[in-house]
Protein chains: 4
Amino acid sequence: MTTPTTYILTVTCPAATGIVAAITGFLAAQQCYITEMAQYDDEMTQKFFCRIMFRPANTSSDAIDNIRQQFAVVAQQFTLSWLITNAARPTRVMLMVSKADHCLVDLLYRKHKGDLNMQVVCVVSNHTELRSVVEREGIRFICLPVDKTNKADQEARMLEIVAEMQAELVVLARYMQILSNDTCRKLEGMCINIHHSFLPGFKGARPYHQAYDRGVKLIGATAHYVTSDLDEGPIIEQSVERVDHTYLPDDLAALGRDLENSALAKAVRLHIERRVFVDGNKTVVFK
Amino acid sequence: MTTPTTYILTVTCPAATGIVAAITGFLAAQQCYITEMAQYDDEMTQKFFCRIMFRPANTSSDAIDNIRQQFAVVAQQFTLSWLITNAARPTRVMLMVSKADHCLVDLLYRKHKGDLNMQVVCVVSNHTELRSVVEREGIRFICLPVDKTNKADQEARMLEIVAEMQAELVVLARYMQILSNDTCRKLEGMCINIHHSFLPGFKGARPYHQAYDRGVKLIGATAHYVTSDLDEGPIIEQSVERVDHTYLPDDLAALGRDLENSALAKAVRLHIERRVFVDGNKTVVFK
Amino acid sequence: MTTPTTYILTVTCPAATGIVAAITGFLAAQQCYITEMAQYDDEMTQKFFCRIMFRPANTSSDAIDNIRQQFAVVAQQFTLSWLITNAARPTRVMLMVSKADHCLVDLLYRKHKGDLNMQVVCVVSNHTELRSVVEREGIRFICLPVDKTNKADQEARMLEIVAEMQAELVVLARYMQILSNDTCRKLEGMCINIHHSFLPGFKGARPYHQAYDRGVKLIGATAHYVTSDLDEGPIIEQSVERVDHTYLPDDLAALGRDLENSALAKAVRLHIERRVFVDGNKTVVFK
Amino acid sequence: MTTPTTYILTVTCPAATGIVAAITGFLAAQQCYITEMAQYDDEMTQKFFCRIMFRPANTSSDAIDNIRQQFAVVAQQFTLSWLITNAARPTRVMLMVSKADHCLVDLLYRKHKGDLNMQVVCVVSNHTELRSVVEREGIRFICLPVDKTNKADQEARMLEIVAEMQAELVVLARYMQILSNDTCRKLEGMCINIHHSFLPGFKGARPYHQAYDRGVKLIGATAHYVTSDLDEGPIIEQSVERVDHTYLPDDLAALGRDLENSALAKAVRLHIERRVFVDGNKTVVFK
């Protein structure tokens with residue numbers, strides 16, 4: 001829950017003594033009131049993660065600019081990676097889809113309801129099937145068909161669109177093309193994929209058939225950041241549901257759609273609220 | 001919930017028309033009252049599975065023997081695999097353990113409480129650490145230490161014990177030796193293992209370290225029948241729990257113990273109540 | 001999963017010996033192949049419940065009519081309440097809504113995807129807000145505004161619409177008017193309501209505020225049949241999710257919408273597939 | 001996960017600007033390294049909650065004493081309620097039981113495994129049945145039989161034992177006597193009860209029979225702090241599991257025991273790790 005005057009400060013850096021004191025001392029000196037704070041030190045990777053929600057006494061844009069400029073000095077001292085964002089400002093999101101519409105429909109519905117504080121700047125697809133669903137919501141639909149010859153070109157075009165639209169987050173909402181390693185690297189930390197399986201259970205194609213063949217009693221879905229290593233990016237959220245012998249592959253796929261919706265929507269929300277930090281090939285999530 | 005006069009009939013056979021009618025017609029003719037019945041036809045494997053709980057009007061052992069003899073005639077007609085057991089009779093169970101005691105303690109506690117209608121005929125271990133825990137419950141403890149030279153001999157001895165003790169079910173309650181293919185085949189359908197992972201997620205050793213390294217947000221445990229293909233036997237039950245970045249491998253292992261207890265106890269109970277049928281490399285479970 | 005030639009027989013009656021044999025013997029004699037069967041005897045209420053999926057050798061409508069006529073004779077003998085329905089025929093469903101759209105949108109989406117084998121014959125609302133959502137799907141929208149003076153008339157009109165449209169199921173998809181006892185009785189067993197709480201936890205108004213005030217760590221939703229006793233009808237399905245102290249009432253309500261969708265969709269599907277039997281103020285559900 | 005040199009600082013106070021800065025500035029000045037920190041401001045109650053794990057550079061007892069003395073000055077300025085404890089020091093816990101042993105056995109097992117960092121200073125019971133279970137673990141068992149005439153005296157004696165044994169936490173592990181309002185007040189914030197129901201669902205006696213009669217599809221258990229208002233104290237943890245129509249009251253009770261174990265053990269662990277803060281009639285839990 002946020003009000004227009006709440007800001008989010010996120011910080012990552014190598015672990016060291018005095019960081020929290022330096023940050024919170026700075027905010028106190030700047031007349032900023034801390035409403036929620038979470039901090040975690042990963043002792044394995046020796047990294048520090050911190051998320052602070054605060055309210056400045058003076059919320060003019062000049063005052064905020066000044067806070068940012070002043071904080072840059074603190075940041076340099078501790079080699080902090082940091083960001084200060086207005087909690088009320090919608091995140092600019094680009095969705096990518098193919099033919100399956102369930103994740104798209106679910107994300108648009110949640111945005112509409114106010115569950116997801118985002119602006120969908122455009123929807124990119126390698127197919128045309130979902131054009132009308134997108135355009136009837138007044139959102140721009142861009143088709144970038146992919147074949148064997150044009151894949152690199154279309155990915156380059158996609159990256160241009162990300163830049164042009166100033167998208168801050170790319171969501172692969174059942175986009176069925178594998179992005180090149182190079183593109184993945186360029187979108188690192190800003191691109192979420194939904195994997196239609198309970199990773200690391202069933203990688204690769206047709207996971208619900210794999211689940212059926214293996215006779216599992218639970219199926220799941222996994223939302224993760226995209227990295228160059230396919231299906232191996234840092235996991236943000238997983239969902240799971242109980243099944244039994246009466247579920248044929250189609251039934252598993254139907255239930256799987258619910259699980260994919262649920263995991264993806266939660267991951268997008270956590271990201272938008274700046275609650276997720278990448279920590280090597282894992283995530284730190286402040287809920 | 002059963003009373004002394006309830007019997008369980010389980011039937012497996014190739015799918016065909018008229019089987020249910022033949023079976024239930026037989027029971028009606030024998031003055032047997034059906035209290036609960038579940039049937040399933042796997043259309044993929046063309047197999048028929050049925051579990052019937054019934055109460056004979058006459059419960060003398062002669063009458064039951066007579067029912068069994070008469071039913072053999074019906075069974076021959078449809079090439080049924082079948083079993084009629086007294087629901088109240090405890091199943092004779094042999095437990096196998098190594099050093100970890102959580103599954104052992106949990107199973108003994110549940111037996112004691114009446115949750116598991118079984119008689120633990122003995123506990124076999126390749127170590128001596130759990131002797132006192134077992135013997136203070138008045139249960140026979142047999143140590144069969146395993147080294148590189150005697151593994152085949154000890155497995156043979158173990159199978160002898162199964163026969164001598166007339167064990168109907170062998171439970172690998174965190175028994176850390178891999179049984180030979182031959183032994184697995186001999187125990188097919190009557191040996192349950194608990195795998196300390198959410199199969200097929202993390203096969204092999206140290207699954208909680210694997211889970212930690214992968215940064216999963218859910219961990220689980222899997223109870224399955226033992227087959228010659230390690231960790232690939234038919235799954236009976238899986239349990240799962242949510243975790244986050246603060247769980248170090250030891251925390252995952254501690255939570256994992258609860259999940260293993262839960263999945264194993266449920267699987268043993270389902271087996272004892274004759275609710276589980278092996279169907280290829282899957283199970284049909286009538287809950 | 002069904003094919004056009006599969007039928008569902010559901011039976012309820014007072015418990016007695018020989019019923020299963022009589023039913024299955026009849027089906028065998030009629031050359032009907034049983035693919036799935038579930039039966040349960042409630043020993044408390046002395047009632048018998050049975051659901052059988054079968055495939056007749058001859059699927060002409062004459063043959064089916066003949067089976068129904070013949071079965072009526074068996075039924076009379078055991079005073080069975082019974083129904084034989086074509087599993088592939090969509091159930092005729094009337095939805096009732098007010099202003100909240102999440103359950104409506106979710107049900108229509110699932111129907112569209114083929115998860116719910118139903119035909120939405122019309123949507124009735126006491127408000128006009130959801131007209132466009134309904135009509136753009138090509139479904140008839142009927143507004144029956146309710147005020148203090150016309151409530152009985154509008155309910156009578158609603159019951160007429162049920163009859164005219166031959167609706168077999170009425171789903172109160174967040175319909176915010178309380179139906180009269182008399183109307184509830186007339187819709188007994190064919191009207192499902194979603195209660196926005198984990199019954200019997202928080203009855204009455206504003207359950208998410210109640211949940212917040214009580215500081216619960218889990219919230220839920222309950223789908224149940226409507227009876228004259230408000231919020232006390234037989235429960236079909238409940239869903240639940242973990243929450244913590246950071247959830248304000250609005251957050252609880254947002255999560256609650258997901259839980260309501262999930263519980264209602266599952267209940268509707270179970271009902272449509274004839275898996276639910278009312279047993280006093282409880283349900284027997286064959287999953 | 002803690003090491004011997006980690007300390008936990010917990011703070012509660014009225015919300016105000018600069019508190020976090022003052023606390024973390026103090027710790028930095030004292031050469032204390034913060035490893036984990038969580039903070040939450042309840043905007044409804046205007047209360048501030050904070051939990052910090054830190055490692056002092058100097059871990060001599062003199063140095064720690066000095067930190068405590070110095071912090072008292074900071075605390076006075078902001079009217080903080082606070083505590084600094086050595087994370088490795090076991091919490092002194094007194095268990096209270098009646099005849100049911102499952103929570104007792106489970107807590108002792110988890111303590112033994114190292115999941116619960118506590119020392120069980122004694123077990124108090126109004127019955128003698130569990131004496132041997134307790135004493136064979138080398139723990140003192142004290143029987144305080146309760147009848148109509150001596151209840152107040154025995155509660156007074158119980159409070160004396162709490163004082164004598166320097167118990168920091170009292171766990172009602174299925175203790176079946178209702179404590180007087182006065183005793184509850186004296187144990188406020190240091191006494192955890194397990195309620196054998198999914199509160200607020202089924203208050204009062206025989207909750208599993210109530211659950212059966214109501215036909216619920218989910219049952220649960222609730223661990224909460226004891227207050228003078230029976231079953232209404234702040235909830236710490238709730239557990240839940242799916243059930244169906246085949247569960248008779250005894251089956252529900254058996255499953256309920258698992259749920260009670262799970263919820264109680266989690267609540268005790270959260271309390272021992274100082275992760276729970278009472279906030280009016282709710283709790284803030286930093287997981």
# chains A, B, ... in the order shown; residues from 1 in each chain; ligands from 1

call {"tool": "select_by_dssp", "arguments": {"residues": "region 155-281 of chain B", "states": "strand (DSSP E or B)", "output": "list in words"}}
result
Leu169, Val170, Val171, Leu172, Cys191, Ile192, Asn193, Ile194, His195, Leu218, Ile219, Gly220, Ala221, Thr222, Ala223, His224, Tyr225, Ile235, Ile236, Glu237, Gln238, Ser239, Val240, Glu241, Arg242, Val276, Phe277, Val278 and Asp279 of chain B

call {"tool": "residues_around", "arguments": {"residues": "Ile64 (chain D)", "least_positions_apart": "5", "cutoff": "12 Å", "atoms": "only C-alpha atoms", "output": "list in words"}}
result
Thr5, Thr6, Tyr7, Ile8, Leu9, Leu27, Gln30, Gln31, Cys32, Phe54, Arg55, Pro56, Ala57, Asn58, Thr59, Gln69, Gln70, Phe71, Ile84, Thr85 and Asn86 of chain D

call {"tool": "atom_distance", "arguments": {"atom1": "CA of Glu36 (chain B)", "atom2": "CA of Gly18 (chain C)"}}
result
12.7 Å

call {"tool": "residues_around", "arguments": {"residues": "Val284 (chain C)", "least_positions_apart": "4", "cutoff": "6 Å", "atoms": "only C-alpha atoms", "output": "list of chain:residue names"}}
result
C:Val276, C:Phe277, D:His245

call {"tool": "residues_around", "arguments": {"residues": "Leu80 (chain A)", "least_positions_apart": "6", "cutoff": "7 Å", "atoms": "only C-alpha atoms", "output": "PyMOL selection string"}}
result
chain A and resi 11-13

call {"tool": "closest_atom_pairs", "arguments": {"of": "chain D", "to": "chain A", "cutoff": "9 Å", "atoms": "only C-alpha atoms", "output": "CSV"}}
result
residue,atom,partner,partner_atom,distance
D:Ala15,CA,A:Thr35,CA,8.8
D:Ala16,CA,A:Tyr33,CA,7.5
D:Thr17,CA,A:Tyr33,CA,5.0
D:Gly18,CA,A:Ala28,CA,4.9
D:Ile19,CA,A:Ala28,CA,8.3
D:Val20,CA,A:Thr24,CA,6.2
D:Ala21,CA,A:Gly25,CA,4.5
D:Ala22,CA,A:Gly25,CA,7.2
D:Ile23,CA,A:Ala21,CA,7.8
D:Thr24,CA,A:Ala21,CA,4.5
D:Gly25,CA,A:Ala21,CA,4.4
D:Phe26,CA,A:Ala21,CA,7.8
D:Leu27,CA,A:Ala21,CA,7.6
D:Ala28,CA,A:Gly18,CA,4.9
D:Ala29,CA,A:Gly18,CA,8.1
D:Gln31,CA,A:Thr17,CA,7.5
D:Cys32,CA,A:Thr17,CA,7.2
D:Tyr33,CA,A:Thr17,CA,5.0
D:Ile34,CA,A:Thr17,CA,7.0
D:Thr35,CA,A:Asp41,CA,5.2
D:Glu36,CA,A:Tyr40,CA,4.7
D:Met37,CA,A:Gln39,CA,4.9
D:Ala38,CA,A:Ala38,CA,4.5
D:Gln39,CA,A:Met37,CA,4.9
D:Tyr40,CA,A:Glu36,CA,4.8
D:Asp41,CA,A:Thr35,CA,5.2
D:Asp42,CA,A:Thr35,CA,8.2
D:Glu43,CA,A:Thr35,CA,8.3
D:Phe48,CA,A:Thr35,CA,8.6
D:Cys50,CA,A:Met37,CA,8.9

call {"tool": "residues_around", "arguments": {"residues": "region 165-174 of chain D", "least_positions_apart": "6", "cutoff": "6 Å", "atoms": "only C-alpha atoms", "output": "list in words"}}
result
Arg92, Val93, Met94, Leu95, Met96, Val97, Cys103, Met190, Cys191, Ile192 and Asn193 of chain D

call {"tool": "write_last_selection", "arguments": {"atoms": "C-alpha atoms", "output": "PDB file, in the first residue's frame"}}
result
ATOM      1  CA  ARG D  92      14.127 -21.271  28.863  1.00  0.00           C
ATOM      2  CA  VAL D  93      10.763 -22.890  28.143  1.00  0.00           C
ATOM      3  CA  MET D  94       8.165 -24.453  30.430  1.00  0.00           C
ATOM      4  CA  LEU D  95       5.728 -26.828  28.746  1.00  0.00           C
ATOM      5  CA  MET D  96       2.226 -27.481  30.072  1.00  0.00           C
ATOM      6  CA  VAL D  97       0.357 -30.618  29.036  1.00  0.00           C
ATOM      7  CA  CYS D 103       2.615 -31.697  20.751  1.00  0.00           C
ATOM      8  CA  MET D 190       5.180 -15.047  27.016  1.00  0.00           C
ATOM      9  CA  CYS D 191       2.576 -17.801  26.779  1.00  0.00           C
ATOM     10  CA  ILE D 192       1.681 -19.590  23.531  1.00  0.00           C
ATOM     11  CA  ASN D 193      -1.370 -21.805  23.137  1.00  0.00           C
TER      12      ASN D 193
END

call {"tool": "atom_distance", "arguments": {"atom1": "CA of His209 (chain B)", "atom2": "CA of Lys217 (chain C)"}}
result
29.4 Å

call {"tool": "atom_distance", "arguments": {"atom1": "CA of Cys184 (chain D)", "atom2": "CA of Val226 (chain D)"}}
result
6.2 Å

call {"tool": "residues_around", "arguments": {"residues": "Ala221 (chain D)", "least_positions_apart": "6", "cutoff": "10 Å", "atoms": "only C-alpha atoms", "output": "number ranges by chain"}}
result
D: 194-199, 201, 237-241, 256-264
